[in-house]
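Peer 1: Below is input_28.cif; it holds mmCIF, C-alpha atoms.
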```
data_work
#
loop_
_atom_site.label_atom_id
_atom_site.label_comp_id
_atom_site.auth_asym_id
_atom_site.auth_seq_id
_atom_site.Cartn_x
_atom_site.Cartn_y
_atom_site.Cartn_z
CA MET A 96 104.62 69.51 114.13
CA ASN A 97 106.84 72.45 113.18
CA VAL A 98 108.78 73.20 116.38
CA GLY A 99 110.50 76.25 114.86
CA ALA A 100 107.20 77.89 113.90
CA LEU A 101 105.73 77.18 117.34
CA ALA A 102 108.80 78.61 119.07
CA ALA A 103 108.72 81.75 116.86
CA THR A 104 105.03 82.26 117.64
CA LEU A 105 105.69 81.90 121.38
CA VAL A 106 108.57 84.41 121.20
CA PHE A 107 106.35 86.92 119.37
CA PHE A 108 103.57 86.33 121.89
CA ALA A 109 106.03 86.95 124.73
CA LEU A 110 107.09 90.25 123.08
CA LEU A 111 103.44 91.21 122.66
CA SER A 112 102.71 90.42 126.30
CA ILE A 113 105.67 92.55 127.48
CA VAL A 114 104.38 95.55 125.47
CA TYR A 115 100.85 95.11 126.85
CA ILE A 116 102.02 94.65 130.46
CA ALA A 117 104.21 97.79 130.27
CA LEU A 118 101.36 99.87 128.83
CA PHE A 119 98.85 98.37 131.29
CA VAL A 120 101.01 99.27 134.31
CA SER A 121 101.43 102.80 132.94
CA ALA A 122 97.69 103.10 132.28
CA ARG A 123 96.78 101.86 135.78
CA ARG A 124 99.06 104.51 137.27
CA SER A 125 97.32 107.16 135.17
CA VAL A 126 93.93 105.91 136.42
CA VAL A 127 95.12 106.06 140.05
CA ARG A 128 96.38 109.63 139.45
CA GLY A 129 92.95 110.50 138.04
CA GLU A 130 94.31 111.39 134.60
CA MET A 131 92.64 108.48 132.81
CA LYS A 132 89.23 106.87 132.91
CA PRO A 133 89.11 103.12 133.80
CA GLY A 134 88.06 102.41 130.20
CA GLY A 135 91.67 102.86 129.07
CA PRO A 136 93.14 99.80 130.81
CA ARG A 137 89.92 97.93 130.01
CA LEU A 138 90.45 98.57 126.29
CA LEU A 139 94.01 97.29 126.64
CA GLY A 140 92.58 94.11 128.14
CA TRP A 141 90.18 93.61 125.21
CA ALA A 142 92.93 94.36 122.68
CA PHE A 143 95.17 91.81 124.42
CA VAL A 144 92.42 89.17 124.33
CA GLY A 145 91.91 89.81 120.58
CA SER A 146 95.64 89.66 119.83
CA SER A 147 95.98 86.50 121.94
CA ILE A 148 93.23 84.77 119.93
CA LEU A 149 95.07 85.59 116.68
CA PHE A 150 98.31 84.21 118.15
CA VAL A 151 96.62 81.01 119.39
CA LEU A 152 95.26 80.43 115.85
CA LEU A 153 98.72 81.12 114.42
CA ALA A 154 100.29 78.67 116.90
CA LEU A 155 97.71 76.09 115.79
CA THR A 156 99.18 76.13 112.28
CA ALA A 157 102.45 74.75 113.67
CA PHE A 158 100.61 71.52 114.53
CA LEU A 159 99.13 71.20 111.03
CA VAL A 160 102.40 71.13 109.08
CA MET B 116 72.96 94.62 124.57
CA ALA B 117 76.49 94.59 123.21
CA SER B 118 77.00 98.09 124.55
CA SER B 119 77.00 96.82 128.13
CA THR B 120 79.46 93.98 127.58
CA THR B 121 82.75 95.78 127.10
CA GLY B 122 82.44 98.71 129.48
CA LEU B 123 84.20 100.95 126.96
CA GLU B 124 81.23 103.08 125.98
CA SER B 125 81.75 105.58 128.78
CA VAL B 126 85.20 106.39 127.39
CA PHE B 127 85.16 105.76 123.65
CA PRO B 128 82.51 106.56 121.03
CA SER B 129 80.59 103.48 119.84
CA TYR B 130 82.30 103.61 116.45
CA VAL B 131 85.65 102.81 118.11
CA ARG B 132 84.27 99.54 119.44
CA ASN B 133 82.58 98.74 116.09
CA LEU B 134 85.74 99.48 114.09
CA LEU B 135 87.84 97.44 116.51
CA MET B 136 85.44 94.49 116.30
CA GLY B 137 85.34 94.75 112.49
CA SER B 138 89.13 94.85 112.43
CA PHE B 139 89.26 91.70 114.58
CA LEU B 140 86.81 89.80 112.37
CA VAL B 141 88.63 90.78 109.15
CA GLY B 142 91.95 89.97 110.84
CA MET B 143 90.73 86.43 111.55
CA LEU B 144 90.16 85.65 107.85
CA PRO B 145 93.78 85.27 106.64
CA ILE B 146 94.71 83.08 109.63
CA VAL B 147 91.60 80.92 109.20
CA ALA B 148 92.47 80.56 105.49
CA LEU B 149 96.01 79.50 106.48
CA ILE B 150 94.62 76.91 108.91
CA ALA B 151 92.29 75.65 106.14
CA ALA B 152 95.15 75.46 103.61
CA LEU B 153 97.31 73.45 106.01
CA GLY B 154 94.38 71.34 107.21
CA ILE B 155 93.42 70.17 103.69
CA HIS B 156 97.07 70.20 102.48
CA SER B 157 96.25 72.59 99.65
CA MET B 158 99.36 74.18 98.13
CA TYR B 159 97.07 76.29 95.96
CA LEU B 160 95.28 77.83 98.96
CA LEU B 161 98.58 78.23 100.83
CA GLU B 162 100.10 80.06 97.84
CA PHE B 163 96.96 82.18 97.47
CA ASP B 164 96.94 83.10 101.17
CA HIS B 165 100.63 84.03 101.09
CA VAL B 166 100.39 86.16 97.93
CA PHE B 167 97.11 87.78 99.00
CA THR B 168 98.23 88.71 102.52
CA GLY B 169 101.68 89.83 101.37
CA GLY B 170 100.22 91.92 98.55
CA THR B 171 97.51 93.46 100.73
CA TRP B 172 100.01 94.24 103.51
CA THR B 173 102.33 95.94 101.03
CA GLY B 174 99.47 97.74 99.29
CA ILE B 175 98.05 99.16 102.52
CA ASP B 176 101.52 100.28 103.64
CA ILE B 177 102.23 101.98 100.31
CA PHE B 178 98.82 103.68 100.44
CA MET B 179 99.44 104.91 103.99
CA GLY B 180 103.02 105.98 103.33
CA VAL B 181 102.57 107.60 99.94
CA VAL B 182 98.94 108.81 99.83
CA LEU B 183 97.63 109.18 103.38
CA THR B 184 100.77 110.94 104.66
CA ARG B 185 100.32 113.69 102.08
CA ILE B 186 96.62 114.04 102.90
CA MET B 187 97.27 114.18 106.67
CA ARG B 188 100.03 116.74 106.21
CA VAL B 189 97.56 119.29 104.84
CA MET B 190 94.95 118.65 107.57
CA ASP B 191 94.73 120.64 110.79
CA VAL B 192 95.46 118.88 114.11
CA PRO B 193 91.80 118.34 115.20
CA SER B 194 91.07 116.72 111.82
CA ARG B 195 94.17 114.51 112.12
CA VAL B 196 92.97 113.41 115.56
CA GLU B 197 89.56 112.51 114.12
CA VAL B 198 91.30 110.40 111.44
CA ALA B 199 93.51 108.73 114.10
CA LYS B 200 90.45 107.92 116.23
CA ARG B 201 89.04 105.92 113.31
CA LEU B 202 92.16 104.67 111.51
CA THR B 203 93.75 103.15 114.63
CA PRO B 204 90.87 100.82 115.59
CA ALA B 205 90.10 100.05 111.93
CA THR B 206 93.60 98.70 111.28
CA PHE B 207 94.51 97.51 114.79
CA PHE B 208 94.07 93.74 114.23
CA ILE B 209 94.18 93.70 110.42
CA MET B 210 97.80 94.78 109.96
CA PRO B 211 99.37 92.34 112.49
CA SER B 212 97.20 89.54 111.08
CA LEU B 213 98.22 90.28 107.48
CA SER B 214 101.90 90.51 108.36
CA ALA B 215 101.93 87.41 110.59
CA THR B 216 100.03 85.34 108.02
CA ALA B 217 102.20 86.51 105.10
CA ILE B 218 105.39 85.63 107.00
CA THR B 219 104.15 82.31 108.43
CA SER B 220 102.61 81.09 105.17
CA GLY B 221 105.79 82.17 103.36
CA ILE B 222 107.94 79.99 105.63
CA TYR B 223 105.61 76.99 105.22
CA LEU B 224 105.55 77.55 101.45
CA ALA B 225 109.35 77.76 101.24
CA GLU B 226 109.61 74.55 103.28
CA GLU B 227 107.09 72.77 101.04
CA LEU B 228 108.95 73.89 97.91
CA GLY B 229 112.30 72.84 99.37
CA LYS B 230 113.63 76.40 99.28
CA PHE B 231 113.92 77.02 103.03
CA ASP B 232 117.71 76.68 103.11
CA LEU B 233 119.14 78.71 105.97
CA HIS B 234 122.53 78.82 104.18
CA SER B 235 121.01 80.57 101.16
CA PRO B 236 121.89 84.30 101.08
CA TRP B 237 118.41 85.00 99.67
CA ILE B 238 116.68 83.26 102.58
CA ILE B 239 119.01 85.02 105.05
CA ALA B 240 118.23 88.38 103.40
CA ALA B 241 114.49 87.63 103.60
CA GLY B 242 114.91 86.73 107.28
CA ILE B 243 116.71 90.01 108.02
CA VAL B 244 113.94 92.05 106.33
CA VAL B 245 111.29 90.07 108.23
CA ILE B 246 113.08 90.77 111.54
CA ILE B 247 113.18 94.52 110.72
CA LEU B 248 109.48 94.55 109.79
CA THR B 249 108.54 92.57 112.92
CA ALA B 250 110.63 94.82 115.19
CA GLN B 251 108.91 97.89 113.71
CA GLY B 252 105.49 96.26 114.18
CA PHE B 253 105.98 95.17 117.79
CA GLY B 254 108.26 98.01 118.82
CA ILE B 255 106.57 101.03 117.22
CA PHE B 256 103.32 100.35 115.34
CA MET B 257 101.38 98.43 117.96
CA PRO B 258 102.56 100.40 121.03
CA ASN B 259 101.74 103.66 119.22
CA GLY B 260 98.26 102.41 118.37
CA LEU B 261 97.68 101.47 122.01
CA ARG B 262 99.11 104.81 123.21
CA ILE B 263 96.59 106.59 120.98
CA PHE B 264 93.77 104.60 122.61
CA LEU B 265 95.09 105.37 126.08
CA GLU B 266 95.49 109.07 125.32
CA LEU B 267 91.89 109.17 124.07
CA SER B 268 90.69 107.69 127.35
CA LYS B 269 92.29 110.49 129.39
CA ALA B 270 90.14 113.20 130.88
CA LYS B 271 92.11 115.76 128.87
CA PRO B 272 93.56 114.01 125.80
CA ASP B 273 96.71 115.56 124.39
CA THR B 274 95.60 116.04 120.78
CA GLN B 275 99.10 117.05 119.64
CA LYS B 276 100.42 113.75 121.00
CA ILE B 277 97.68 111.75 119.26
CA ALA B 278 98.34 113.49 115.94
CA ARG B 279 102.11 112.97 116.35
CA LEU B 280 101.82 109.25 117.19
CA ASN B 281 99.46 108.72 114.25
CA MET B 282 101.81 110.51 111.85
CA ILE B 283 104.73 108.35 113.09
CA ASN B 284 102.71 105.23 112.29
CA ILE B 285 101.68 106.46 108.85
CA ARG B 286 105.24 107.49 107.95
CA LEU B 287 106.56 104.20 109.30
CA ALA B 288 104.10 102.40 107.03
CA GLY B 289 105.91 104.09 104.14
CA SER B 290 109.28 102.76 105.32
CA GLN B 291 107.71 99.32 105.77
CA ALA B 292 106.53 99.50 102.16
CA LEU B 293 110.14 100.01 101.08
CA PHE B 294 111.28 96.90 103.00
CA GLN B 295 108.36 94.98 101.52
CA VAL B 296 109.39 95.93 97.99
CA ILE B 297 112.85 94.54 98.88
CA ILE B 298 111.34 91.31 100.18
CA ILE B 299 109.17 90.98 97.06
CA LEU B 300 112.33 91.28 94.94
CA ILE B 301 113.83 88.45 97.03
CA MET B 302 110.64 86.38 96.69
CA ALA B 303 110.60 86.91 92.93
CA HIS B 304 114.19 85.64 92.78
CA LEU B 305 113.34 82.60 94.91
CA ALA B 306 110.30 81.83 92.77
CA VAL B 307 112.20 81.98 89.47
CA TYR B 308 115.63 80.52 90.35
#
```
What is this file in structure tokens?

Peer 2:
Amino acid sequence: MNVGALAATLVFFALLSIVYIALFVSARRSVVRGEMKPGGPRLLGWAFVGSSILFVLLALTAFLV
Amino acid sequence: MASSTTGLESVFPSYVRNLLMGSFLVGMLPIVALIAALGIHSMYLLEFDHVFTGGTWTGIDIFMGVVLTRIMRVMDVPSRVEVAKRLTPATFFIMPSLSATAITSGIYLAEELGKFDLHSPWIIAAGIVVIILTAQGFGIFMPNGLRIFLELSKAKPDTQKIARLNMINIRLAGSQALFQVIIILIMAHLAVY
């Protein structure tokens, strides 16, 4: 197992999560204020799921080295 | 049937979902190829995946920075917004996948070839460029893409903002291309010496 690669992937995933959480909170506020339709945060959720799948696959490579 | 699964149809045109899904499926390919290369211990496939993803990443960035910027500059704002509405979902998963696979496969390749020496100035230089590219990707590219989506889902989207965010991403792609040319020069040195 390549510990360095796994750690790097986890760090990048943490950064990704921070960006998504910040945008999600902002989007939810916009929905509450009536400026945005609920589809906005929902799209963020789907984009996060897609990005997470790519990161899980990338993390898997650390176990194959 | 698929139209009722995501709940996005009320906000975004169906092509946004289709382009996003297509982007995800294409984005899976380089990572699956990397898993296959490592799974069957094929240096050939690992080298192919690294060169292919690195070259495609650089090529797309050069195209966006050199060609698309000039095209967008002569378009009016509503046309730029229409491009952004399609370009953002079409590239959303592909670009991070290409960059992540190129970097990851490059590290594995350097380790396999015995060139991953953290005291080497060439490896350190490559690492610095990778950090800059990653910071741009996570700090600017991806958040801007998501902001474009969010702006589009507003009752009254700010088209000026969408056009501006899209132009930032396209121009940034040009600067990324410059860093990628630098990293290719480093790679060429590592491959030869």

Peer 1: So which residues touch stretch 96-105 of chain A within 6 Å, counting all atoms listed in the file, skipping near sequence neighbours fewer than 6 positions away, as a list in words?

Peer 2: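 Using all atoms listed in the file, the neighbours found are Ala154, Ala157, Phe158 and Val160 of chain A.
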
Peer 1: Select, from A:Met131, A:Leu153, A:Ser147, A:Gly140, the residue with the minimum atom-to-atom distance to B:Pro145, counting only C-alpha atoms.

Peer 2: A:Leu153

Peer 1: Would you list which chain B residues are within 8 Å of chain A using all atoms listed in the file, as a CSV table (one decimal) with C-alpha atoms, in the coordinates of the input?

Peer 2:
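Result file follows (out.csv):
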```csv
chain,number,residue,atom,x,y,z
B,121,THR,CA,82.8,95.8,127.1
B,122,GLY,CA,82.4,98.7,129.5
B,123,LEU,CA,84.2,101.0,127.0
B,125,SER,CA,81.8,105.6,128.8
B,126,VAL,CA,85.2,106.4,127.4
B,127,PHE,CA,85.2,105.8,123.6
B,139,PHE,CA,89.3,91.7,114.6
B,142,GLY,CA,92.0,90.0,110.8
B,143,MET,CA,90.7,86.4,111.6
B,146,ILE,CA,94.7,83.1,109.6
B,147,VAL,CA,91.6,80.9,109.2
B,149,LEU,CA,96.0,79.5,106.5
B,150,ILE,CA,94.6,76.9,108.9
B,153,LEU,CA,97.3,73.4,106.0
B,154,GLY,CA,94.4,71.3,107.2
B,208,PHE,CA,94.1,93.7,114.2
B,212,SER,CA,97.2,89.5,111.1
B,216,THR,CA,100.0,85.3,108.0
B,219,THR,CA,104.2,82.3,108.4
B,223,TYR,CA,105.6,77.0,105.2
B,253,PHE,CA,106.0,95.2,117.8
B,258,PRO,CA,102.6,100.4,121.0
B,261,LEU,CA,97.7,101.5,122.0
B,262,ARG,CA,99.1,104.8,123.2
B,264,PHE,CA,93.8,104.6,122.6
B,265,LEU,CA,95.1,105.4,126.1
B,268,SER,CA,90.7,107.7,127.4
B,269,LYS,CA,92.3,110.5,129.4
B,270,ALA,CA,90.1,113.2,130.9
B,271,LYS,CA,92.1,115.8,128.9
```

Peer 1: Near B:Val182, within 10 Å and counting all atoms listed in the file, which residues show up once chain neighbours fewer than 6 positions away are dropped, as a ChimeraX atom specification?

Peer 2: /B:176,285,289

Peer 1: Taking the file as I've supplied it (selection: the PyMOL selection byres ((chain B and resi 196-204) around 7)), which residues are included? Please answer as a list in words.

Peer 2: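 Answer for the PyMOL selection byres ((chain B and resi 196-204) around 7): Val131, Leu134, Leu135, Ser138, Val192, Pro193, Ser194, Arg195, Ala205, Thr206, Phe207, Gly260, Thr274, Ile277, Ala278 and Asn281 of chain B.
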
Peer 1: Is there a way to complete stretch 210-224 of chain B with N, CA and C atoms and then write that out as a PDB file, in the frame of the given file?

Peer 2:
```pdb
ATOM      1  N   MET B 210      96.397  94.714 110.379  1.00  0.00           N
ATOM      2  CA  MET B 210      97.800  94.780 109.960  1.00  0.00           C
ATOM      3  C   MET B 210      98.664  93.681 110.598  1.00  0.00           C
ATOM      4  N   PRO B 211      98.572  93.440 111.928  1.00  0.00           N
ATOM      5  CA  PRO B 211      99.370  92.340 112.490  1.00  0.00           C
ATOM      6  C   PRO B 211      98.972  90.981 111.899  1.00  0.00           C
ATOM      7  N   SER B 212      97.665  90.811 111.643  1.00  0.00           N
ATOM      8  CA  SER B 212      97.200  89.540 111.080  1.00  0.00           C
ATOM      9  C   SER B 212      97.756  89.336 109.673  1.00  0.00           C
ATOM     10  N   LEU B 213      97.697  90.379 108.843  1.00  0.00           N
ATOM     11  CA  LEU B 213      98.220  90.280 107.480  1.00  0.00           C
ATOM     12  C   LEU B 213      99.720  89.974 107.493  1.00  0.00           C
ATOM     13  N   SER B 214     100.454  90.704 108.333  1.00  0.00           N
ATOM     14  CA  SER B 214     101.900  90.510 108.360  1.00  0.00           C
ATOM     15  C   SER B 214     102.260  89.121 108.896  1.00  0.00           C
ATOM     16  N   ALA B 215     101.611  88.722 109.998  1.00  0.00           N
ATOM     17  CA  ALA B 215     101.930  87.410 110.590  1.00  0.00           C
ATOM     18  C   ALA B 215     101.582  86.280 109.624  1.00  0.00           C
ATOM     19  N   THR B 216     100.440  86.405 108.947  1.00  0.00           N
ATOM     20  CA  THR B 216     100.030  85.340 108.020  1.00  0.00           C
ATOM     21  C   THR B 216     100.952  85.303 106.802  1.00  0.00           C
ATOM     22  N   ALA B 217     101.309  86.472 106.277  1.00  0.00           N
ATOM     23  CA  ALA B 217     102.200  86.510 105.100  1.00  0.00           C
ATOM     24  C   ALA B 217     103.539  85.858 105.433  1.00  0.00           C
ATOM     25  N   ILE B 218     104.086  86.181 106.610  1.00  0.00           N
ATOM     26  CA  ILE B 218     105.390  85.630 107.000  1.00  0.00           C
ATOM     27  C   ILE B 218     105.287  84.125 107.269  1.00  0.00           C
ATOM     28  N   THR B 219     104.287  83.735 108.071  1.00  0.00           N
ATOM     29  CA  THR B 219     104.150  82.310 108.430  1.00  0.00           C
ATOM     30  C   THR B 219     103.884  81.455 107.205  1.00  0.00           C
ATOM     31  N   SER B 220     102.925  81.884 106.367  1.00  0.00           N
ATOM     32  CA  SER B 220     102.610  81.090 105.170  1.00  0.00           C
ATOM     33  C   SER B 220     103.807  81.048 104.228  1.00  0.00           C
ATOM     34  N   GLY B 221     104.585  82.121 104.199  1.00  0.00           N
ATOM     35  CA  GLY B 221     105.790  82.170 103.360  1.00  0.00           C
ATOM     36  C   GLY B 221     106.820  81.134 103.792  1.00  0.00           C
ATOM     37  N   ILE B 222     106.972  80.982 105.116  1.00  0.00           N
ATOM     38  CA  ILE B 222     107.940  79.990 105.630  1.00  0.00           C
ATOM     39  C   ILE B 222     107.449  78.569 105.301  1.00  0.00           C
ATOM     40  N   TYR B 223     106.158  78.324 105.526  1.00  0.00           N
ATOM     41  CA  TYR B 223     105.610  76.990 105.220  1.00  0.00           C
ATOM     42  C   TYR B 223     105.744  76.690 103.723  1.00  0.00           C
ATOM     43  N   LEU B 224     105.482  77.709 102.913  1.00  0.00           N
ATOM     44  CA  LEU B 224     105.550  77.550 101.450  1.00  0.00           C
ATOM     45  C   LEU B 224     106.987  77.239 101.016  1.00  0.00           C
TER      46      LEU B 224
END
```
